[in-house]
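A.B. asks: Data: data.txt, compact mmCIF, C-alpha atoms and all ligand atoms.
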```
# COMPACT_ATOMS: atom_id res chain seq x y z
CA MET C 358 -4.62 41.56 -26.40
CA SER C 359 -4.66 39.83 -23.08
CA ARG C 360 -5.92 36.51 -21.82
CA SER C 361 -9.39 36.62 -20.35
CA SER C 362 -10.03 34.83 -17.07
CA PHE C 363 -13.55 33.64 -17.89
CA GLN C 364 -13.86 33.63 -21.69
CA GLN C 365 -14.99 30.12 -22.59
CA PHE C 366 -13.23 28.00 -25.21
CA HIS C 367 -14.64 24.72 -26.44
CA TRP C 368 -13.11 22.48 -29.05
CA HIS C 369 -14.01 19.13 -30.54
CA SER C 370 -11.41 16.38 -30.71
CA LYS C 371 -11.82 14.10 -33.70
CA GLN C 372 -9.42 11.48 -32.33
CA PHE C 373 -11.22 11.23 -28.98
CA ALA C 374 -14.64 12.03 -30.49
CA LEU C 375 -15.32 14.24 -27.47
CA ALA C 376 -15.69 17.86 -26.46
CA SER C 377 -12.56 19.40 -24.92
CA ASN C 378 -14.37 20.10 -21.62
CA ASP C 379 -15.95 16.65 -21.13
CA ILE C 380 -14.53 16.20 -17.66
CA HIS C 381 -16.37 12.97 -16.84
CA ALA C 382 -15.00 11.29 -19.97
CA PHE C 383 -11.56 12.66 -19.12
CA TYR C 384 -11.42 11.12 -15.63
CA HIS C 385 -12.89 7.88 -16.95
CA LEU C 386 -10.32 7.57 -19.76
CA LEU C 387 -7.54 8.57 -17.38
CA ALA C 388 -8.39 5.75 -14.97
CA GLU C 389 -8.51 3.37 -17.94
CA GLN C 390 -5.09 4.46 -19.23
CA MET C 391 -3.55 4.03 -15.79
CA GLN C 392 -4.47 0.36 -15.73
CA GLY C 393 -1.40 -1.66 -16.54
CA LEU C 394 1.02 1.10 -15.51
CA ALA C 395 2.79 0.75 -12.16
CA LEU C 396 1.63 4.16 -10.95
CA THR C 397 -0.28 4.80 -7.75
CA LYS C 398 -2.83 7.55 -7.30
CA LYS C 399 -2.81 10.04 -4.46
CA THR C 400 -5.68 12.50 -4.25
CA LEU C 401 -4.32 15.82 -2.99
CA GLY C 402 -7.74 17.29 -2.36
CA HIS C 403 -10.97 18.24 -4.07
CA ILE C 404 -12.13 21.38 -5.81
CA GLU C 405 -15.92 21.55 -5.98
CA GLY C 406 -16.09 17.76 -5.79
CA TYR C 407 -13.43 17.13 -8.45
CA PRO C 408 -10.21 15.45 -7.35
CA LEU C 409 -6.75 16.92 -7.84
CA GLU C 410 -4.86 13.70 -8.56
CA LEU C 411 -1.16 12.95 -8.41
CA TYR C 412 0.15 9.72 -9.91
CA GLN C 413 3.60 8.44 -9.00
CA SER C 414 5.75 5.39 -9.63
CA ALA C 415 4.57 2.61 -7.33
CA ASN C 416 8.11 1.34 -6.78
CA PRO C 417 10.49 4.27 -7.22
CA GLN C 418 14.12 3.27 -7.55
CA PRO C 419 16.94 5.41 -6.13
CA LYS C 420 19.11 5.06 -9.24
CA LEU C 421 16.49 6.39 -11.66
CA ALA C 422 15.64 9.99 -12.64
CA ASN C 423 12.72 11.61 -10.81
CA VAL C 424 10.54 13.62 -13.17
CA LEU C 425 7.14 15.23 -12.95
CA ILE C 426 4.77 16.14 -15.80
CA SER C 427 1.78 18.37 -15.15
CA ALA C 428 -1.08 19.72 -17.24
CA GLY C 429 -4.38 21.52 -16.97
CA PHE C 430 -3.41 24.50 -14.80
CA HIS C 431 -5.39 26.81 -17.08
CA GLY C 432 -8.85 25.51 -17.95
CA GLU C 433 -9.01 26.67 -21.55
CA GLU C 434 -5.63 25.10 -22.39
CA ALA C 435 -7.29 21.74 -22.90
CA ALA C 436 -4.80 20.06 -25.24
CA GLY C 437 -2.45 19.53 -22.28
CA PRO C 438 -4.62 17.06 -20.34
CA TRP C 439 -5.87 15.36 -23.52
CA GLY C 440 -2.29 15.20 -24.77
CA MET C 441 -1.37 13.47 -21.52
CA LEU C 442 -4.05 10.84 -22.14
CA LYS C 443 -2.57 10.19 -25.57
CA PHE C 444 0.95 10.12 -24.08
CA LEU C 445 -0.19 7.53 -21.51
CA SER C 446 -1.60 5.36 -24.30
CA THR C 447 1.89 5.23 -25.88
CA LEU C 448 3.74 4.18 -22.70
CA GLU C 449 5.03 0.66 -22.22
CA PRO C 450 4.48 -0.77 -18.71
CA SER C 451 8.31 -0.99 -18.47
CA ILE C 452 8.54 2.83 -18.45
CA THR C 453 8.62 2.80 -14.64
CA GLU C 454 11.78 0.67 -14.81
CA GLN C 455 13.45 3.48 -16.76
CA LEU C 456 12.52 6.49 -14.66
CA ASN C 457 10.49 7.46 -11.60
CA LEU C 458 7.57 9.11 -13.34
CA SER C 459 4.99 11.32 -11.65
CA LEU C 460 2.00 13.01 -13.22
CA LEU C 461 -0.48 15.75 -12.38
CA PRO C 462 -2.89 15.22 -15.29
CA LEU C 463 -5.48 17.90 -14.48
CA VAL C 464 -4.72 20.59 -11.91
CA ASN C 465 -7.69 22.90 -12.52
CA PRO C 466 -10.80 20.74 -13.02
CA THR C 467 -13.39 23.50 -12.60
CA GLY C 468 -11.68 25.67 -15.23
CA PHE C 469 -11.35 22.65 -17.55
CA LYS C 470 -15.04 21.85 -17.22
CA ALA C 471 -16.08 25.43 -17.95
CA GLY C 472 -13.41 25.89 -20.63
CA HIS C 473 -12.02 29.04 -19.02
CA ARG C 474 -8.61 30.00 -17.78
CA PHE C 475 -9.06 30.49 -14.04
CA ASN C 476 -10.81 28.20 -11.59
CA GLN C 477 -14.45 28.84 -10.85
CA PHE C 478 -13.55 31.13 -7.98
CA GLY C 479 -11.63 33.47 -10.29
CA GLU C 480 -8.21 32.36 -9.03
CA ASN C 481 -5.20 31.73 -11.29
CA PRO C 482 -3.93 28.20 -10.46
CA ASN C 483 -0.47 28.92 -11.90
CA ARG C 484 0.38 31.92 -9.75
CA GLY C 485 1.11 32.46 -6.10
CA PHE C 486 3.93 29.91 -5.63
CA LEU C 487 6.46 31.94 -3.64
CA VAL C 488 9.78 30.55 -2.44
CA ASP C 489 11.52 31.85 0.65
CA LYS C 490 14.69 30.33 2.14
CA GLY C 491 14.28 27.14 0.15
CA ARG C 492 10.65 26.62 1.05
CA ALA C 493 7.52 27.24 -0.98
CA LYS C 494 4.79 29.34 0.55
CA PRO C 495 1.47 30.49 -0.86
CA ALA C 496 1.10 34.14 -1.83
CA GLU C 497 -2.00 35.93 -0.62
CA ASP C 498 -3.70 35.36 -3.97
CA CYS C 499 -2.66 31.69 -4.19
CA SER C 500 -5.45 29.54 -5.61
CA ARG C 501 -7.10 26.59 -3.90
CA GLU C 502 -5.22 24.29 -6.28
CA GLY C 503 -1.95 26.06 -5.52
CA GLN C 504 -2.48 25.63 -1.79
CA LEU C 505 -3.08 21.89 -2.23
CA LEU C 506 0.16 21.62 -4.23
CA ILE C 507 2.21 23.70 -1.79
CA ALA C 508 0.95 21.50 1.06
CA GLN C 509 2.76 18.63 -0.75
CA GLN C 510 5.95 20.57 -1.46
CA ALA C 511 8.36 18.08 0.13
CA LEU C 512 6.90 15.27 -1.95
CA LEU C 513 6.69 17.28 -5.20
CA LYS C 514 10.26 18.52 -4.70
CA ASN C 515 11.49 14.92 -4.54
CA LEU C 516 9.39 13.81 -7.50
CA SER C 517 10.72 16.61 -9.74
CA GLN C 518 14.41 16.55 -8.72
CA ASP C 519 15.58 15.70 -12.23
CA GLY C 520 12.97 17.62 -14.17
CA ILE C 521 9.58 19.27 -14.33
CA LEU C 522 7.53 19.67 -17.49
CA THR C 523 4.28 21.55 -17.40
CA CYS C 524 2.09 21.77 -20.48
CA HIS C 525 0.31 25.00 -21.26
CA GLU C 526 -1.23 26.61 -24.33
CA ASP C 527 -1.38 30.18 -25.57
CA VAL C 528 -4.83 31.23 -26.81
CA LEU C 529 -3.36 34.27 -28.59
CA GLN C 530 -0.85 32.36 -30.71
CA HIS C 531 -0.51 30.55 -34.03
CA ASN C 532 3.05 29.58 -33.08
CA CYS C 533 4.71 27.46 -30.40
CA TYR C 534 7.36 28.32 -27.80
CA VAL C 535 8.81 27.05 -24.52
CA TYR C 536 9.67 28.55 -21.14
CA SER C 537 12.88 26.69 -20.35
CA PHE C 538 14.90 26.37 -17.17
CA GLU C 539 18.45 25.15 -16.94
CA PRO C 540 19.56 26.85 -13.72
CA GLU C 541 23.02 28.45 -13.88
CA ALA C 542 23.27 27.75 -17.59
CA ALA C 543 22.32 29.11 -20.98
CA ALA C 544 19.71 27.17 -22.90
CA GLY C 545 21.22 23.86 -23.94
CA PRO C 546 20.14 20.75 -25.81
CA PHE C 547 17.44 19.95 -23.22
CA SER C 548 15.57 23.19 -23.95
CA TYR C 549 16.06 23.02 -27.70
CA THR C 550 14.97 19.41 -28.01
CA LEU C 551 11.63 20.23 -26.35
CA ARG C 552 11.14 23.22 -28.62
CA ASP C 553 11.95 21.02 -31.62
CA SER C 554 9.35 18.43 -30.64
CA LEU C 555 6.68 21.17 -30.78
CA ALA C 556 8.16 22.50 -34.03
CA GLU C 557 7.22 19.20 -35.69
CA TYR C 558 3.61 20.43 -35.41
CA PHE C 559 3.68 24.25 -35.49
CA PRO C 560 5.96 27.08 -36.59
CA VAL C 561 8.20 28.38 -33.80
CA ALA C 562 7.29 31.89 -32.61
CA ALA C 563 9.56 34.62 -34.00
CA ASP C 564 11.95 36.47 -31.69
CA GLU C 565 9.86 39.01 -29.83
CA SER C 566 8.52 39.71 -26.40
CA ILE C 567 5.65 37.61 -25.04
CA ASP C 568 3.96 38.84 -21.87
CA GLY C 569 6.94 41.09 -21.31
CA CYS C 570 9.45 38.23 -21.48
CA LYS C 571 12.19 38.08 -24.10
CA LEU C 572 11.65 35.22 -26.54
CA GLU C 573 14.68 34.05 -28.49
CA ASP C 574 14.89 30.96 -30.71
CA GLY C 575 11.46 29.93 -29.48
CA LEU C 576 12.64 29.95 -25.85
CA ILE C 577 12.00 32.18 -22.86
CA HIS C 578 14.94 31.00 -20.79
CA ASN C 579 15.36 31.08 -17.00
CA HIS C 580 12.47 33.46 -16.40
CA TYR C 581 11.43 33.19 -12.77
CA ASP C 582 7.98 34.24 -11.61
CA SER C 583 5.47 32.79 -9.11
CA SER C 584 4.45 29.88 -11.38
CA PHE C 585 4.46 26.24 -10.31
CA GLU C 586 7.36 25.29 -12.60
CA SER C 587 9.45 28.27 -11.54
CA CYS C 588 8.84 27.31 -7.90
CA LEU C 589 9.98 23.70 -8.41
CA VAL C 590 13.16 24.85 -10.17
CA LYS C 591 13.86 27.24 -7.28
CA LEU C 592 13.33 24.29 -4.91
CA GLY C 593 16.01 22.36 -6.78
CA ALA C 594 14.70 20.72 -9.94
CA LYS C 595 17.70 20.35 -12.27
CA ARG C 596 15.75 21.21 -15.41
CA GLY C 597 12.33 22.59 -16.17
CA ALA C 598 10.08 23.53 -19.03
CA CYS C 599 6.67 24.95 -19.70
CA SER C 600 5.54 24.10 -23.23
CA GLU C 601 3.16 26.46 -25.04
CA THR C 602 1.12 25.17 -27.96
CA PRO C 603 -0.89 27.63 -30.06
CA ALA C 604 -4.58 27.47 -29.20
CA LEU C 605 -5.54 29.36 -32.37
CA GLU C 606 -4.61 26.18 -34.26
CA ASP C 607 -6.29 22.78 -34.74
CA PHE C 608 -7.18 21.04 -31.46
CA ASP C 609 -6.08 17.53 -32.48
CA GLN C 610 -2.74 18.83 -33.73
CA ARG C 611 -2.28 20.50 -30.35
CA ILE C 612 -3.10 17.22 -28.57
CA ASN C 613 -0.51 15.47 -30.72
CA ALA C 614 2.09 18.15 -30.00
CA ASN C 615 1.49 17.87 -26.24
CA CYS C 616 1.89 14.11 -26.43
CA ALA C 617 5.13 14.58 -28.39
CA VAL C 618 6.67 17.07 -25.97
CA MET C 619 5.91 14.72 -23.04
CA GLN C 620 7.57 11.83 -24.89
CA GLN C 621 10.59 13.99 -25.68
CA PHE C 622 10.85 15.16 -22.07
CA VAL C 623 10.82 11.56 -20.85
CA SER C 624 13.46 10.36 -23.31
CA ALA C 625 15.68 13.42 -22.70
CA SER C 626 15.39 12.93 -18.92
CA ILE C 627 16.40 9.26 -19.20
CA GLU C 628 19.33 10.19 -21.46
CA TYR C 629 20.63 12.96 -19.17
CA HIS C 630 20.37 10.79 -16.11
CA THR C 631 22.17 7.89 -17.77
CA LYS C 632 25.05 10.20 -18.77
CA GLN C 633 25.24 11.65 -15.28
CA VAL C 634 25.24 8.26 -13.51
ZN ZN H 701 -1.39 28.48 -19.20
```
Please lay out the structure from this file as C-alpha cells.
Ligand SMILES: [Zn+2]

C.D. replies:
Amino acid sequence: MSRSSFQQFHWHSKQFALASNDIHAFYHLLAEQMQGLALTKKTLGHIEGYPLELYQSANPQPKLANVLISAGFHGEEAAGPWGMLKFLSTLEPSITEQLNLSLLPLVNPTGFKAGHRFNQFGENPNRGFLVDKGRAKPAEDCSREGQLLIAQQALLKNLSQDGILTCHEDVLQHNCYVYSFEPEAAAGPFSYTLRDSLAEYFPVAADESIDGCKLEDGLIHNHYDSSFESCLVKLGAKRGACSETPALEDFDQRINANCAVMQQFVSASIEYHTKQV
C-alpha cells in the first residue's frame, strides 16, 4: 500500500463539532485562540488565497529555549492542525515567559481544504528541502509552500534552535510512531518521552520497516531526507521530531494525541534548556 496524493479523507470531530476540512472555521478558531497569547503573526505568503501563517513570541528572550511546532504539511493528516488548536486552548499566557514559542499551524491549506495529501498543484509540501554547505535550498520539485518556508530559512533556523516538532499522521496505520532526531546521539529520553505521549492514546507500532526506514521501539531515529524537519536539524536544531498518529483510528483521539505530543514537546524543551543553562 502507498499513500495517494489526491485521495480525499474527511472526518467529523465531535469535540469541535466540525468537519476536518472546514478551513474557514479553522482560521477563525485559530485567530480566537491566539487572543491573549503574546504571539505575533507573520504571513509568509499565500497559496490560492489562503495564508501560510507563522506565529512567534512577541518578546523573545535570549535566555529561553527557541522551539518551533508545525502541522498541516499533508492535507489529509488533519488531526495535526486541530490538535494544535486544542493545544493552544490549554496554554497559559505565561507560556511565552518560559520559552520562545513559534508555530506554523497549517502549512498546506489547499490540501487541508480538499482533504488530500498534496497541495492542489500536486506538489508534496514536505519534500524538496535540500541543505548544502549549511544553507537550505529548494529542490527542483520543491512545493510552493516549501519555497515560502525556505525563503525564511534564517528566521526559521533561529526559531527552531532548541527543537522542532512537526505533527504528521499515517493514513495506513492503526499504531503510532515518531521520527526522532538527536544529532550525534542515539535516541534518548527526549525521543522516548514524545513516543510515550502518543502511546497514551494508541499502541506503538511494532518493530518493522515503514517506508523503507527501520522502526525500533516506535522510533525511526536520525533518518535524514528532504523533509522540513530533517532540513532544520541539518541547519542546527538541537533536537527534532515528527510525530505520526494513526489515521485509521478515531479522529478525536488523534486530535487529543496531537495536543498531548505538543504539550510534551514544550515541557521537555523547557526542562532540557533549564538543565543546560
Ligand atoms: Zn505527513

A.B. asks: Pick out the residues no farther than 7 Å from ligand ZN 701 (chain H), counting all atoms listed in the file, and list them as an mmCIF file with C-alpha atoms, in the frame of the given file.

C.D. replies:
```cif
data_model
loop_
_atom_site.group_PDB
_atom_site.id
_atom_site.type_symbol
_atom_site.label_atom_id
_atom_site.label_comp_id
_atom_site.auth_asym_id
_atom_site.auth_seq_id
_atom_site.Cartn_x
_atom_site.Cartn_y
_atom_site.Cartn_z
ATOM 1 C CA PHE C 430 -3.410 24.500 -14.800
ATOM 2 C CA HIS C 431 -5.390 26.810 -17.080
ATOM 3 C CA GLU C 434 -5.630 25.100 -22.390
ATOM 4 C CA HIS C 525 0.310 25.000 -21.260
ATOM 5 C CA GLU C 526 -1.230 26.610 -24.330
ATOM 6 C CA ASP C 527 -1.380 30.180 -25.570
#
```

A.B. asks: Looking at only C-alpha atoms, which of C:Ser377, C:Ser548, C:Ser600, C:Gln390 is the one that sits closest to Lys443 in chain C?

C.D. replies: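 With only C-alpha atoms as the atom set, the closest residue is C:Gln390.
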
A.B. asks: Would you compute the distance between CA of Cys599 in chain C and CA of Gly545 in chain C? Give it in Å to one decimal.

C.D. replies: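 Distance between the two atoms: 15.2 Å.
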
A.B. asks: Between C:Ala508, C:Ala428, C:Val623, C:Ala563, single out the one closest to Glu586 in chain C, counting only C-alpha atoms.

C.D. replies: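 For Glu586 in chain C, the nearest of the candidates is C:Ala428.
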
A.B. asks: Just how far from CA of Glu539 in chain C is CA of Ala556 in chain C, in Å to one decimal?

C.D. replies: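 Value for the CA of Ala556 in chain C-CA of Glu539 in chain C distance: 20.1 Å.
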
A.B. asks: Would you mind reading off the distance between CA of Asp568 in chain C and CA of Pro466 in chain C, one decimal, in Å?

C.D. replies: 25.0 Å

A.B. asks: Hey, which of C:Glu573, C:Glu410, C:Glu480, C:Asp607 ends up closest to Tyr534 in chain C? Count all atoms listed in the file.

C.D. replies: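 Nearest candidate to Tyr534 in chain C out of C:Glu573, C:Glu410, C:Glu480, C:Asp607: C:Glu573.
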
A.B. asks: Hey, what's within 8 Å of Met619 in chain C if we count only C-alpha atoms and toss same-chain stuff fewer than 3 positions away? As a list in words, please?

C.D. replies: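 Once the adjacent positions are removed, what remains is Ile426, Met441, Phe444, Leu522, Asn615, Cys616, Phe622 and Val623 of chain C.
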
A.B. asks: For Ala598 in chain C, which residue out of C:Tyr412, C:Phe366, C:Tyr536, C:Tyr581 is the nearest one, using only C-alpha atoms?

C.D. replies: C:Tyr536

A.B. asks: My list of candidates is C:Ser359, C:Ser500, C:Gln418, C:Gln477. Which is closest to Ser584 in chain C when distances are computed with only C-alpha atoms?

C.D. replies: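 Of the candidates, the smallest distance to Ser584 in chain C is held by C:Ser500.
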
A.B. asks: Which of these residues is nearest to Arg492 in chain C, using all atoms listed in the file: C:Gly393, C:Gly437, C:Gly479, C:Gly593?

C.D. replies: C:Gly593

A.B. asks: Starting from the point (-1.2, 5.7, -4.9), work out which residues of protein, DNA or RNA have an atom no more than 8 Å away when counting only C-alpha atoms; state them as a list in words.

C.D. replies: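 Those residues lying close to the given coordinates are Leu396, Thr397, Lys398, Lys399, Tyr412, Gln413 and Ala415 of chain C.
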
A.B. asks: Near Ile404 in chain C, within 8 Å and counting only C-alpha atoms, which residues show up once chain neighbours fewer than 2 positions away are dropped, as JSON, numbers by chain?

C.D. replies: {"C": [402, 406, 407, 408, 409, 466, 467, 501, 502]}

A.B. asks: Which neighbours of Gly569 in chain C fall inside 12 Å, counting only C-alpha atoms, when residues of the same chain fewer than 5 positions from it are skipped, and could you give them as a VMD selection string?

C.D. replies: chain C and resid 359 577 580 582

A.B. asks: What's around Ala544 in chain C at 10 Å? Count only C-alpha atoms, leave out sequence neighbours fewer than 2 positions away in its own chain, and write the answer as a list in words.

C.D. replies: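 Answer for this query is Ser537, Phe538, Glu539, Pro540, Glu541, Ala542, Pro546, Phe547, Ser548, Tyr549, Asp574, Leu576, Ile577, His578 and Asn579 of chain C.
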
A.B. asks: Tell me, as a short mmCIF file (atom, residue, chain, number, x, y, z; two decimals) with C-alpha atoms, in the coordinates of the input, which residues lie within 12 Å of Arg360 in chain C, counting all atoms listed in the file; anything in the same chain fewer than 2 positions away does not count.

C.D. replies:
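Below is the file result.cif, written as the result:
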```cif
data_model
loop_
_atom_site.label_atom_id
_atom_site.label_comp_id
_atom_site.auth_asym_id
_atom_site.auth_seq_id
_atom_site.Cartn_x
_atom_site.Cartn_y
_atom_site.Cartn_z
CA MET C 358 -4.62 41.56 -26.40
CA SER C 362 -10.03 34.83 -17.07
CA PHE C 363 -13.55 33.64 -17.89
CA GLN C 364 -13.86 33.63 -21.69
CA GLN C 365 -14.99 30.12 -22.59
CA PHE C 366 -13.23 28.00 -25.21
CA HIS C 431 -5.39 26.81 -17.08
CA GLU C 433 -9.01 26.67 -21.55
CA GLU C 434 -5.63 25.10 -22.39
CA HIS C 473 -12.02 29.04 -19.02
CA ARG C 474 -8.61 30.00 -17.78
CA PHE C 475 -9.06 30.49 -14.04
CA ASN C 481 -5.20 31.73 -11.29
CA GLU C 526 -1.23 26.61 -24.33
CA ASP C 527 -1.38 30.18 -25.57
CA VAL C 528 -4.83 31.23 -26.81
CA LEU C 529 -3.36 34.27 -28.59
CA GLN C 530 -0.85 32.36 -30.71
CA ASP C 568 3.96 38.84 -21.87
CA ALA C 604 -4.58 27.47 -29.20
#
```

A.B. asks: Counting only C-alpha atoms, I want the residues whose atoms come within 9 Å of (8.3, 14.2, -14.8) in the file frame, returned as a PyMOL selection string.

C.D. replies: chain C and resi 422-427+456-460+516-523+619+622-623+626

A.B. asks: Would you mind completing range 556-587 of chain C so that it carries N, CA and C atoms, and writing it out as a JSON list (two decimals), keeping the file's coordinate frame?

C.D. replies:
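Output file rebuild.json follows:
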```
[["chain", "number", "residue", "atom", "x", "y", "z"],
["C", 556, "ALA", "N", 7.98, 21.96, -32.68],
["C", 556, "ALA", "CA", 8.16, 22.50, -34.03],
["C", 556, "ALA", "C", 7.83, 21.47, -35.12],
["C", 557, "GLU", "N", 7.70, 20.22, -34.74],
["C", 557, "GLU", "CA", 7.22, 19.20, -35.69],
["C", 557, "GLU", "C", 5.76, 19.47, -36.07],
["C", 558, "TYR", "N", 5.06, 20.22, -35.22],
["C", 558, "TYR", "CA", 3.61, 20.43, -35.41],
["C", 558, "TYR", "C", 3.24, 21.87, -35.77],
["C", 559, "PHE", "N", 4.04, 22.84, -35.28],
["C", 559, "PHE", "CA", 3.68, 24.25, -35.49],
["C", 559, "PHE", "C", 4.95, 25.06, -35.75],
["C", 560, "PRO", "N", 4.80, 26.19, -36.45],
["C", 560, "PRO", "CA", 5.96, 27.08, -36.59],
["C", 560, "PRO", "C", 6.38, 27.61, -35.21],
["C", 561, "VAL", "N", 7.68, 27.82, -35.06],
["C", 561, "VAL", "CA", 8.20, 28.38, -33.80],
["C", 561, "VAL", "C", 7.97, 29.89, -33.83],
["C", 562, "ALA", "N", 7.54, 30.44, -32.71],
["C", 562, "ALA", "CA", 7.29, 31.89, -32.61],
["C", 562, "ALA", "C", 8.57, 32.66, -32.93],
["C", 563, "ALA", "N", 8.41, 33.77, -33.65],
["C", 563, "ALA", "CA", 9.56, 34.62, -34.00],
["C", 563, "ALA", "C", 10.09, 35.31, -32.75],
["C", 564, "ASP", "N", 11.35, 35.75, -32.82],
["C", 564, "ASP", "CA", 11.95, 36.47, -31.69],
["C", 564, "ASP", "C", 11.12, 37.73, -31.42],
["C", 565, "GLU", "N", 10.67, 37.85, -30.20],
["C", 565, "GLU", "CA", 9.86, 39.01, -29.83],
["C", 565, "GLU", "C", 9.70, 38.97, -28.31],
["C", 566, "SER", "N", 8.79, 39.76, -27.83],
["C", 566, "SER", "CA", 8.52, 39.71, -26.40],
["C", 566, "SER", "C", 7.11, 39.13, -26.21],
["C", 567, "ILE", "N", 6.98, 38.17, -25.34],
["C", 567, "ILE", "CA", 5.65, 37.61, -25.04],
["C", 567, "ILE", "C", 5.39, 37.84, -23.56],
["C", 568, "ASP", "N", 4.29, 38.50, -23.26],
["C", 568, "ASP", "CA", 3.96, 38.84, -21.87],
["C", 568, "ASP", "C", 5.12, 39.52, -21.15],
["C", 569, "GLY", "N", 5.84, 40.34, -21.91],
["C", 569, "GLY", "CA", 6.94, 41.09, -21.31],
["C", 569, "GLY", "C", 8.22, 40.30, -21.14],
["C", 570, "CYS", "N", 8.24, 39.05, -21.61],
["C", 570, "CYS", "CA", 9.45, 38.23, -21.48],
["C", 570, "CYS", "C", 10.13, 38.12, -22.84],
["C", 571, "LYS", "N", 11.45, 38.15, -22.84],
["C", 571, "LYS", "CA", 12.19, 38.08, -24.10],
["C", 571, "LYS", "C", 12.17, 36.65, -24.64],
["C", 572, "LEU", "N", 11.71, 36.54, -25.88],
["C", 572, "LEU", "CA", 11.65, 35.22, -26.54],
["C", 572, "LEU", "C", 12.73, 35.18, -27.60],
["C", 573, "GLU", "N", 13.59, 34.19, -27.53],
["C", 573, "GLU", "CA", 14.68, 34.05, -28.49],
["C", 573, "GLU", "C", 14.78, 32.59, -28.90],
["C", 574, "ASP", "N", 14.82, 32.34, -30.20],
["C", 574, "ASP", "CA", 14.89, 30.96, -30.71],
["C", 574, "ASP", "C", 13.75, 30.10, -30.18],
["C", 575, "GLY", "N", 12.60, 30.71, -29.97],
["C", 575, "GLY", "CA", 11.46, 29.93, -29.48],
["C", 575, "GLY", "C", 11.52, 29.62, -28.00],
["C", 576, "LEU", "N", 12.48, 30.23, -27.29],
["C", 576, "LEU", "CA", 12.64, 29.95, -25.85],
["C", 576, "LEU", "C", 12.57, 31.23, -25.03],
["C", 577, "ILE", "N", 11.88, 31.16, -23.91],
["C", 577, "ILE", "CA", 12.00, 32.18, -22.86],
["C", 577, "ILE", "C", 12.77, 31.46, -21.75],
["C", 578, "HIS", "N", 14.05, 31.83, -21.60],
["C", 578, "HIS", "CA", 14.94, 31.00, -20.79],
["C", 578, "HIS", "C", 15.18, 31.60, -19.40],
["C", 579, "ASN", "N", 15.10, 30.72, -18.41],
["C", 579, "ASN", "CA", 15.36, 31.08, -17.00],
["C", 579, "ASN", "C", 14.61, 32.35, -16.58],
["C", 580, "HIS", "N", 13.32, 32.36, -16.87],
["C", 580, "HIS", "CA", 12.47, 33.46, -16.40],
["C", 580, "HIS", "C", 11.73, 32.99, -15.14],
["C", 581, "TYR", "N", 12.03, 33.63, -14.03],
["C", 581, "TYR", "CA", 11.43, 33.19, -12.77],
["C", 581, "TYR", "C", 10.27, 34.11, -12.38],
["C", 582, "ASP", "N", 9.12, 33.49, -12.10],
["C", 582, "ASP", "CA", 7.98, 34.24, -11.61],
["C", 582, "ASP", "C", 7.34, 33.41, -10.48],
["C", 583, "SER", "N", 6.07, 33.56, -10.22],
["C", 583, "SER", "CA", 5.47, 32.79, -9.11],
["C", 583, "SER", "C", 4.68, 31.59, -9.64],
["C", 584, "SER", "N", 5.11, 31.06, -10.82],
["C", 584, "SER", "CA", 4.45, 29.88, -11.38],
["C", 584, "SER", "C", 4.90, 28.61, -10.67],
["C", 585, "PHE", "N", 4.16, 27.55, -10.90],
["C", 585, "PHE", "CA", 4.46, 26.24, -10.31],
["C", 585, "PHE", "C", 5.85, 25.75, -10.76],
["C", 586, "GLU", "N", 6.10, 25.82, -12.08],
["C", 586, "GLU", "CA", 7.36, 25.29, -12.60],
["C", 586, "GLU", "C", 8.55, 26.09, -12.08],
["C", 587, "SER", "N", 8.39, 27.41, -12.04],
["C", 587, "SER", "CA", 9.45, 28.27, -11.54],
["C", 587, "SER", "C", 9.75, 27.92, -10.07]]
```
